[in-house]
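Engineer: Sharing a structure, written as structure tokens. Questions coming.
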Amino acid sequence: MLDITRSYLPSLTKYLSYVEGIYARGHLTNNGPLVRELTERLEAYLGIRNLVLVCSGSAALDLAYHALDVSGSVVTTPFSFVASSSVPAWHGIEPIFADIDPQSWNLDPGEIESAIRPDTTAIAPVHVYGNPADDARIGEIARRHGLKVIYDAAHCFGVRKGGQSILDWGDASAISFHATKVFHTIEGGAVVFRDDDACERARRMINFGMDAHTGAIVDVGTNLKLSEMHAAMGLAMLDDMDYVIERRRSLTDLYQRRLGDHVQCQKVEPDVTTSGSYMPLAFADASTCEHVVTLLNDQDIRTRRYFFPSLDANLPYARFGSTRHSPRIAQRVLCLPLYAELLPTDVERVCATILNALPTKTYMASQSDLLSCSVAQ
């Protein structure tokens, strides 16, 4: 059976060497030496600063909203995992959905301003499947309206544009280190802040608002800390990341070469270096997508209709207007198996099943949706 994903596991010997050090020190949490080491190494590897490790990707989003004092409402995308909307809603911040671009599948900057309300304090785009959003246009809109920008960068480990990390875009970027991600700490996440003061405030907030030097309560906070055991997995993983990312890139390249003339893929800008987080594609219509899923299941090939349905179809706590493209893409999109241990022969098997299932050899959709796959190097 081919799974939709499999968590990469580094050398057990290496992982246990970190665990043995934890046992020897007896320091399990509360900003231990491995958490500090992982923070420094991640900043160096990713080419960023002001990174704060936390216990999950959702906690990362939660921390970003709190540290930046977001309130009222936030403009975001309905084409995403539910956490992008449920985290602000959990804290009384209303998500307002704007539509997506039908080619990049990211939040369409041209739709943002019509969604802004008097109580809107932030824009919360998602780099969908690790494909960078249009930061230049989003940032210009945010400056004009005095809004914060919080990126959901859950899928963006190692993603670069023009040779630079995209994780320092906006006021904050929230990353997931869940076990299914390219880089993981089993459970975990991080926030990258642009502002030094916001970063320092966040470091207090993850430990109940305590000052790191005096222990005095100087801010509101809760427990969002990453443990030493989770940091140990991250450190063991980090040595293998170049290999993992290269493997995933090569597999997505193979998928795109085999299927690119027959399906729709995300438009990716030519100066973007992806990390192979997902292999999404869209079929001509929902019925074709459902048919392909059935045939793949019959071949013991597991896929995921991710993100389906579009969040504007069923969220009771969000507000939305005209979101024409997001529901259409969501009905047709499918993510294919992708993980470092997947073999090229496995990809060929998946592609052969899909091509045999398609009614024609040419992807047919509305002119606004039609494009060939863009292969990011």
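Chain labels follow the order of the structure tokens: the first chain is A, the next B, and so on; residue numbering restarts at 1 in every chain, and ligands are counted from 1 in their shown order.
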So which residues of region 29-152 of chain A fall under strand (DSSP E) by DSSP, listed as a list in words?

Structural biologist: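 Answer for region 29-152 of chain A, restricted to strand (DSSP E): Leu51, Val52, Leu53, Val54, Ser73, Val74, Val75, Thr76, Glu94, Pro95, Ile96, Phe97, Thr120, Thr121, Ala122, Ile123, Ala124, Lys148, Val149, Ile150, Tyr151 and Asp152 of chain A.
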
Engineer: Run DSSP on the backbone and give me the residues of region 92-174 of chain A it puts in helix (DSSP H, G or I), as a list in words.

Structural biologist: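 Helix (DSSP H, G or I) assignments inside region 92-174 of chain A correspond to Pro109, Gly110, Glu111, Ile112, Glu113, Ser114, Ala115, Val128, Tyr129, Gly130, Asp135, Ala136, Arg137, Ile138, Gly139, Glu140, Ile141, Ala142, Arg143, Arg144 and His145 of chain A.
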
Engineer: Write the residues of the selection above to a file with all heavy atoms, as a short mmCIF file (atom, residue, chain, number, x, y, z; two decimals), in the first residue's frame.

Structural biologist:
```cif
data_model
loop_
_atom_site.label_atom_id
_atom_site.label_comp_id
_atom_site.auth_asym_id
_atom_site.auth_seq_id
_atom_site.Cartn_x
_atom_site.Cartn_y
_atom_site.Cartn_z
N PRO A 109 -4.75 38.98 -3.61
CA PRO A 109 -4.67 40.35 -3.07
C PRO A 109 -5.77 41.26 -3.60
O PRO A 109 -6.21 42.17 -2.89
CB PRO A 109 -3.29 40.82 -3.55
CG PRO A 109 -2.50 39.57 -3.73
CD PRO A 109 -3.47 38.55 -4.23
N GLY A 110 -6.24 41.00 -4.81
CA GLY A 110 -7.29 41.82 -5.37
C GLY A 110 -8.63 41.68 -4.68
O GLY A 110 -9.53 42.50 -4.88
N GLU A 111 -8.78 40.65 -3.85
CA GLU A 111 -10.03 40.40 -3.13
C GLU A 111 -9.97 40.86 -1.67
O GLU A 111 -10.99 40.83 -0.97
CB GLU A 111 -10.36 38.90 -3.16
CG GLU A 111 -10.54 38.32 -4.56
CD GLU A 111 -11.82 38.79 -5.20
OE1 GLU A 111 -12.79 39.09 -4.47
OE2 GLU A 111 -11.87 38.85 -6.45
N ILE A 112 -8.80 41.27 -1.21
CA ILE A 112 -8.63 41.55 0.23
C ILE A 112 -9.36 42.81 0.67
O ILE A 112 -10.09 42.80 1.68
CB ILE A 112 -7.13 41.65 0.58
CG1 ILE A 112 -6.46 40.27 0.45
CG2 ILE A 112 -6.94 42.20 2.00
CD1 ILE A 112 -4.96 40.30 0.65
N GLU A 113 -9.20 43.89 -0.06
CA GLU A 113 -9.72 45.18 0.42
C GLU A 113 -11.24 45.18 0.56
O GLU A 113 -11.78 45.81 1.47
CB GLU A 113 -9.25 46.31 -0.48
CG GLU A 113 -7.75 46.58 -0.31
CD GLU A 113 -7.30 47.85 -0.98
OE1 GLU A 113 -7.00 47.80 -2.18
OE2 GLU A 113 -7.23 48.89 -0.29
N SER A 114 -11.94 44.46 -0.31
CA SER A 114 -13.40 44.43 -0.19
C SER A 114 -13.85 43.64 1.03
O SER A 114 -15.01 43.76 1.46
CB SER A 114 -14.00 43.80 -1.45
OG SER A 114 -13.58 42.45 -1.61
N ALA A 115 -12.95 42.85 1.63
CA ALA A 115 -13.29 42.07 2.82
C ALA A 115 -12.93 42.79 4.12
O ALA A 115 -13.33 42.36 5.20
CB ALA A 115 -12.58 40.72 2.78
N VAL A 128 -0.13 28.35 0.55
CA VAL A 128 -0.82 27.07 0.36
C VAL A 128 0.10 26.02 -0.25
O VAL A 128 0.71 26.25 -1.31
CB VAL A 128 -2.07 27.28 -0.53
CG1 VAL A 128 -2.76 25.96 -0.82
CG2 VAL A 128 -3.04 28.23 0.17
N TYR A 129 0.21 24.88 0.43
CA TYR A 129 1.11 23.79 0.04
C TYR A 129 2.57 24.25 -0.04
O TYR A 129 3.39 23.62 -0.72
CB TYR A 129 0.71 23.18 -1.32
CG TYR A 129 -0.73 22.73 -1.41
CD1 TYR A 129 -1.56 23.21 -2.43
CD2 TYR A 129 -1.26 21.81 -0.51
CE1 TYR A 129 -2.88 22.80 -2.53
CE2 TYR A 129 -2.59 21.39 -0.61
CZ TYR A 129 -3.39 21.89 -1.63
OH TYR A 129 -4.70 21.48 -1.74
N GLY A 130 2.91 25.34 0.63
CA GLY A 130 4.27 25.85 0.60
C GLY A 130 4.56 26.76 -0.58
O GLY A 130 5.72 27.13 -0.80
N ASP A 135 3.50 38.50 -1.33
CA ASP A 135 3.82 39.33 -0.17
C ASP A 135 3.90 40.81 -0.51
O ASP A 135 3.51 41.66 0.30
CB ASP A 135 5.16 38.87 0.43
CG ASP A 135 5.58 39.70 1.62
OD1 ASP A 135 4.85 39.70 2.63
OD2 ASP A 135 6.63 40.37 1.53
N ALA A 136 4.39 41.15 -1.71
CA ALA A 136 4.53 42.57 -2.06
C ALA A 136 3.18 43.27 -2.07
O ALA A 136 3.02 44.35 -1.49
CB ALA A 136 5.22 42.69 -3.42
N ARG A 137 2.20 42.67 -2.73
CA ARG A 137 0.88 43.30 -2.82
C ARG A 137 0.15 43.24 -1.48
O ARG A 137 -0.52 44.20 -1.08
CB ARG A 137 0.04 42.62 -3.91
CG ARG A 137 0.58 42.86 -5.31
CD ARG A 137 -0.22 42.10 -6.34
NE ARG A 137 -1.61 42.57 -6.42
CZ ARG A 137 -2.58 41.91 -7.04
NH1 ARG A 137 -2.33 40.73 -7.62
NH2 ARG A 137 -3.80 42.41 -7.08
N ILE A 138 0.28 42.12 -0.77
CA ILE A 138 -0.37 42.01 0.54
C ILE A 138 0.22 43.02 1.52
O ILE A 138 -0.50 43.68 2.27
CB ILE A 138 -0.23 40.57 1.08
CG1 ILE A 138 -1.07 39.61 0.23
CG2 ILE A 138 -0.65 40.49 2.55
CD1 ILE A 138 -0.82 38.15 0.53
N GLY A 139 1.54 43.15 1.51
CA GLY A 139 2.19 44.11 2.40
C GLY A 139 1.78 45.54 2.10
O GLY A 139 1.59 46.35 3.03
N GLU A 140 1.61 45.88 0.82
CA GLU A 140 1.20 47.24 0.46
C GLU A 140 -0.21 47.53 0.96
O GLU A 140 -0.48 48.62 1.48
CB GLU A 140 1.27 47.40 -1.06
CG GLU A 140 1.14 48.82 -1.56
CD GLU A 140 -0.30 49.29 -1.66
OE1 GLU A 140 -1.18 48.43 -1.94
OE2 GLU A 140 -0.57 50.49 -1.45
N ILE A 141 -1.11 46.55 0.84
CA ILE A 141 -2.48 46.72 1.35
C ILE A 141 -2.46 46.87 2.86
O ILE A 141 -3.15 47.73 3.42
CB ILE A 141 -3.35 45.52 0.93
CG1 ILE A 141 -3.53 45.48 -0.58
CG2 ILE A 141 -4.71 45.56 1.63
CD1 ILE A 141 -4.13 44.19 -1.10
N ALA A 142 -1.66 46.07 3.53
CA ALA A 142 -1.58 46.13 4.99
C ALA A 142 -1.07 47.49 5.45
O ALA A 142 -1.60 48.07 6.41
CB ALA A 142 -0.67 45.02 5.51
N ARG A 143 -0.05 48.02 4.80
CA ARG A 143 0.49 49.33 5.19
C ARG A 143 -0.55 50.43 4.98
O ARG A 143 -0.69 51.33 5.81
CB ARG A 143 1.76 49.62 4.40
CG ARG A 143 2.97 48.81 4.84
CD ARG A 143 4.24 49.27 4.16
NE ARG A 143 4.22 49.00 2.73
CZ ARG A 143 4.62 47.85 2.18
NH1 ARG A 143 5.04 46.87 2.95
NH2 ARG A 143 4.59 47.69 0.87
N ARG A 144 -1.27 50.34 3.89
CA ARG A 144 -2.25 51.38 3.58
C ARG A 144 -3.40 51.40 4.59
O ARG A 144 -3.95 52.45 4.89
CB ARG A 144 -2.79 51.15 2.16
CG ARG A 144 -3.74 52.22 1.67
CD ARG A 144 -3.67 52.39 0.15
NE ARG A 144 -3.24 51.22 -0.57
CZ ARG A 144 -4.06 50.28 -1.07
NH1 ARG A 144 -5.35 50.37 -0.85
NH2 ARG A 144 -3.58 49.27 -1.78
N HIS A 145 -3.74 50.24 5.14
CA HIS A 145 -4.86 50.16 6.08
C HIS A 145 -4.41 50.00 7.53
O HIS A 145 -5.26 49.85 8.42
CB HIS A 145 -5.77 48.99 5.70
CG HIS A 145 -6.50 49.19 4.40
ND1 HIS A 145 -7.74 49.81 4.34
CD2 HIS A 145 -6.16 48.86 3.12
CE1 HIS A 145 -8.13 49.85 3.07
NE2 HIS A 145 -7.20 49.29 2.31
#
```

Engineer: Leaving out Arg324 (chain A) and any residue of its chain fewer than 3 positions from it, which residues lie within 7 Å of it when counting only C-alpha atoms, given as a list of chain:residue names?

Structural biologist: A:Asp99, A:Pro327, A:Arg328

Engineer: Any chance you can output those residues with C-alpha atoms as a compact mmCIF listing (two decimals), in the first residue's frame?

Structural biologist:
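Below you can see again-v1.txt, which holds the result:
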```txt
# COMPACT_ATOMS: atom_id res chain seq x y z
CA ASP A 99 -11.33 34.52 -2.48
CA PRO A 327 -15.10 26.07 -3.75
CA ARG A 328 -14.36 25.17 -7.37
```

Engineer: So which one's closest to Tyr23 (chain A), A:Leu336, A:Val292, A:Tyr317, A:Ala232? Using only C-alpha atoms, please.

Structural biologist: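 Among A:Leu336, A:Val292, A:Tyr317, A:Ala232, it is A:Ala232 that comes nearest to Tyr23 (chain A).
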
Engineer: If we count only C-alpha atoms and set the cut-off at 6 Å, which residues sit around region 76-92 of chain A, ignoring sequence neighbours fewer than 2 positions away in its own chain? Please answer as a VMD selection string.

Structural biologist: chain A and resid 94 to 95 97 to 98 107 124 to 125 307 310 to 312 326

Engineer: Save the residues we just selected, N, CA and C atoms, as a compact mmCIF listing (two decimals), in the first residue's frame?

Structural biologist:
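Here's the written file out37.txt:
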```txt
# COMPACT_ATOMS: atom_id res chain seq x y z
N GLU A 94 -12.92 37.30 14.45
CA GLU A 94 -13.74 36.74 13.38
C GLU A 94 -12.95 36.60 12.08
N PRO A 95 -12.88 35.39 11.52
CA PRO A 95 -12.28 35.23 10.19
C PRO A 95 -13.22 35.76 9.11
N PHE A 97 -13.51 35.67 5.05
CA PHE A 97 -12.91 35.02 3.91
C PHE A 97 -12.91 35.90 2.67
N ALA A 98 -11.75 35.98 2.02
CA ALA A 98 -11.62 36.56 0.69
C ALA A 98 -11.24 35.44 -0.26
N LEU A 107 -4.43 33.28 -1.33
CA LEU A 107 -5.30 34.43 -1.14
C LEU A 107 -5.02 35.46 -2.23
N ALA A 124 -4.34 37.52 7.22
CA ALA A 124 -3.71 36.24 7.56
C ALA A 124 -3.68 35.33 6.34
N PRO A 125 -2.73 35.55 5.42
CA PRO A 125 -2.63 34.69 4.24
C PRO A 125 -2.02 33.33 4.61
N PHE A 307 -7.45 20.74 0.14
CA PHE A 307 -8.43 21.01 1.19
C PHE A 307 -9.85 20.89 0.63
N SER A 310 -14.06 23.49 0.75
CA SER A 310 -13.63 24.86 1.03
C SER A 310 -14.25 25.31 2.35
N LEU A 311 -13.47 26.01 3.18
CA LEU A 311 -13.95 26.35 4.52
C LEU A 311 -15.19 27.23 4.51
N ASP A 312 -15.40 27.98 3.43
CA ASP A 312 -16.60 28.83 3.40
C ASP A 312 -17.87 28.01 3.18
N SER A 326 -12.49 29.43 -4.68
CA SER A 326 -12.10 28.47 -3.65
C SER A 326 -12.97 27.20 -3.66
```

Engineer: Rounded to one decimal, what separation in Å do you get between CA of Thr5 (chain A) and CA of Pro337 (chain A)?

Structural biologist: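 It comes out at 5.8 Å.
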
Engineer: Of the candidates A:Phe157, A:Tyr8, A:Tyr15, A:Trp105, which one gets nearest to Cys265 (chain A) if we count only C-alpha atoms?

Structural biologist: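 Closest to Cys265 (chain A) of all the choices is A:Trp105.
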
Engineer: List the neighbours of region 174-186 of chain A out to 6 Å using only C-alpha atoms; skip same-chain residues closer than 5 positions along the sequence, and give me the result as a list in words.

Structural biologist: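 Within the cut-off, the hits are Ser7, Gly57, Ala60, Leu61, Asp152, Ala153, Ala154, Val191, His230, Met233, Gly234 and Ser277 of chain A.
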
Engineer: List as a PDB file with N, CA and C atoms, in the first residue's frame the protein and nucleic acid residues near region 203-214 of chain A, meaning an atom at most 6 Å away when only C-alpha atoms are counted, but skip any in the same chain fewer than 4 places from it.

Structural biologist:
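Writing the result to result34.pdb gives the following:
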```pdb
ATOM      1  N   VAL A 218       5.180  39.441  34.063  1.00  0.00           N
ATOM      2  CA  VAL A 218       5.174  40.778  33.465  1.00  0.00           C
ATOM      3  C   VAL A 218       4.230  40.873  32.273  1.00  0.00           C
ATOM      4  N   ASP A 219       3.595  39.753  31.903  1.00  0.00           N
ATOM      5  CA  ASP A 219       2.682  39.764  30.759  1.00  0.00           C
ATOM      6  C   ASP A 219       1.708  38.605  30.925  1.00  0.00           C
ATOM      7  N   VAL A 220       0.618  38.642  30.151  1.00  0.00           N
ATOM      8  CA  VAL A 220      -0.289  37.507  30.124  1.00  0.00           C
ATOM      9  C   VAL A 220       0.379  36.382  29.341  1.00  0.00           C
ATOM     10  N   GLY A 221       0.102  35.147  29.706  1.00  0.00           N
ATOM     11  CA  GLY A 221       0.721  34.036  29.005  1.00  0.00           C
ATOM     12  C   GLY A 221       0.097  32.708  29.367  1.00  0.00           C
ATOM     13  N   THR A 222       0.615  31.663  28.764  1.00  0.00           N
ATOM     14  CA  THR A 222       0.164  30.304  29.038  1.00  0.00           C
ATOM     15  C   THR A 222       1.337  29.372  28.782  1.00  0.00           C
ATOM     16  N   ASN A 223       1.095  28.066  28.740  1.00  0.00           N
ATOM     17  CA  ASN A 223       2.176  27.112  28.532  1.00  0.00           C
ATOM     18  C   ASN A 223       2.157  26.621  27.097  1.00  0.00           C
ATOM     19  N   LEU A 224       3.089  27.118  26.283  1.00  0.00           N
ATOM     20  CA  LEU A 224       3.201  26.709  24.886  1.00  0.00           C
ATOM     21  C   LEU A 224       4.587  26.134  24.580  1.00  0.00           C
ATOM     22  N   LYS A 225       5.342  25.777  25.606  1.00  0.00           N
ATOM     23  CA  LYS A 225       6.745  25.424  25.434  1.00  0.00           C
ATOM     24  C   LYS A 225       6.920  24.076  24.719  1.00  0.00           C
TER      25      LYS A 225
END
```

Engineer: Considering only C-alpha atoms, state which residue in the set A:Met229, A:Ala340, A:Val149, A:Cys199 is at the smallest distance from Val70 (chain A).

Structural biologist: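 Result for the nearest residue to Val70 (chain A): A:Val149.
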
Engineer: Name all residues at most 8 Å from Thr39 (chain A) (count only C-alpha atoms; drop same-chain ones fewer than 3 positions away) and give them as a ChimeraX atom specification.

Structural biologist: /A:35-36,42-43,51-53

Engineer: Return the single residue from A:Gly162, A:Pro118, A:Gly188, A:Pro132 that is closest to Gly146 (chain A), with distances computed using only C-alpha atoms.

Structural biologist: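 Looking only at the distances to Gly146 (chain A), the closest residue turns out to be A:Pro118.
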
Engineer: Quick check, in Å to one decimal: how far apart do CA of Met237 (chain A) and CA of Pro10 (chain A) lie?

Structural biologist: 5.5 Å

Engineer: I'd like the interatomic distance between CA of Ser322 (chain A) and CA of Asp101 (chain A), to a tenth of an Å.

Structural biologist: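 That distance, rounded to one decimal, is 12.8 Å.
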
Engineer: Identify which of the residues A:Cys289, A:Val333, A:Ala284, A:Ile4 lies closest to Ile301 (chain A), counting only C-alpha atoms when measuring atom-to-atom distances.

Structural biologist: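 Ranking A:Cys289, A:Val333, A:Ala284, A:Ile4 by distance to Ile301 (chain A), first place goes to A:Ile4.
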
Engineer: Between A:Val350, A:Glu228, A:Gly189, A:Leu68, which one has atoms that come closest to Thr29 (chain A), using only C-alpha atoms?

Structural biologist: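 Among A:Val350, A:Glu228, A:Gly189, A:Leu68, it is A:Glu228 that comes nearest to Thr29 (chain A).
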